[in-house]
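First up is the structure itself, then whatever we jot down about it.
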Amino acid sequence: MKKGIHPENYRFCVFKDMSNDYTFLTKSCAETKDTAVWEGDGKEYPLIKLDISHMSHPFYTGKMKFVDTAGRIDKFRTKYAKKDAKKEETKEEGK
């Protein structure tokens, strides 16, 4: 391995799938301010929160489950609800 190209802060971290509370311990250099206690050894490690992991992804589980973390569906519905309301108003005015 070449020297000087790898991150210096490579350490054990707890990753937590927020959709089903599944956690696993592995090494990472991702920055985080959160911490969690790992049940296996009782030590405190940096916590990295995940929206989706292999325990909740439809490809691995065989179940379709939509995770909308950014509220995209609600934005879509409100956007088109306004357009539908305008269409209804114009139809009523045309009568």
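By convention in this document, the chains of the structure tokens carry letters A, B, ... by their order, each chain's residues are numbered from 1, and ligands are numbered from 1 in the order they are shown.
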
For this session: Give me the residues within 7 Å of range 46-53 of chain A as a count of residues only, counting only C-alpha atoms and dropping any in the same chain fewer than 3 places off.
Result: 13

For this session: May I ask for the distance between CA of Met55 in chain A and CA of Val37 in chain A, given in Å to one decimal place?
Result: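 Between these atoms lies a distance of 20.4 Å.
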
Seminar exercise, completed: One residue among A:Asp74, A:Phe12, A:Lys3, A:Cys29 is nearest to Glu44 in chain A when using only C-alpha atoms, and that residue is A:Phe12

For this session: Tell me, in Å to one decimal, how far CA of Lys75 in chain A is from CA of Asn20 in chain A.
Result: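 Between these atoms lies a distance of 24.6 Å.
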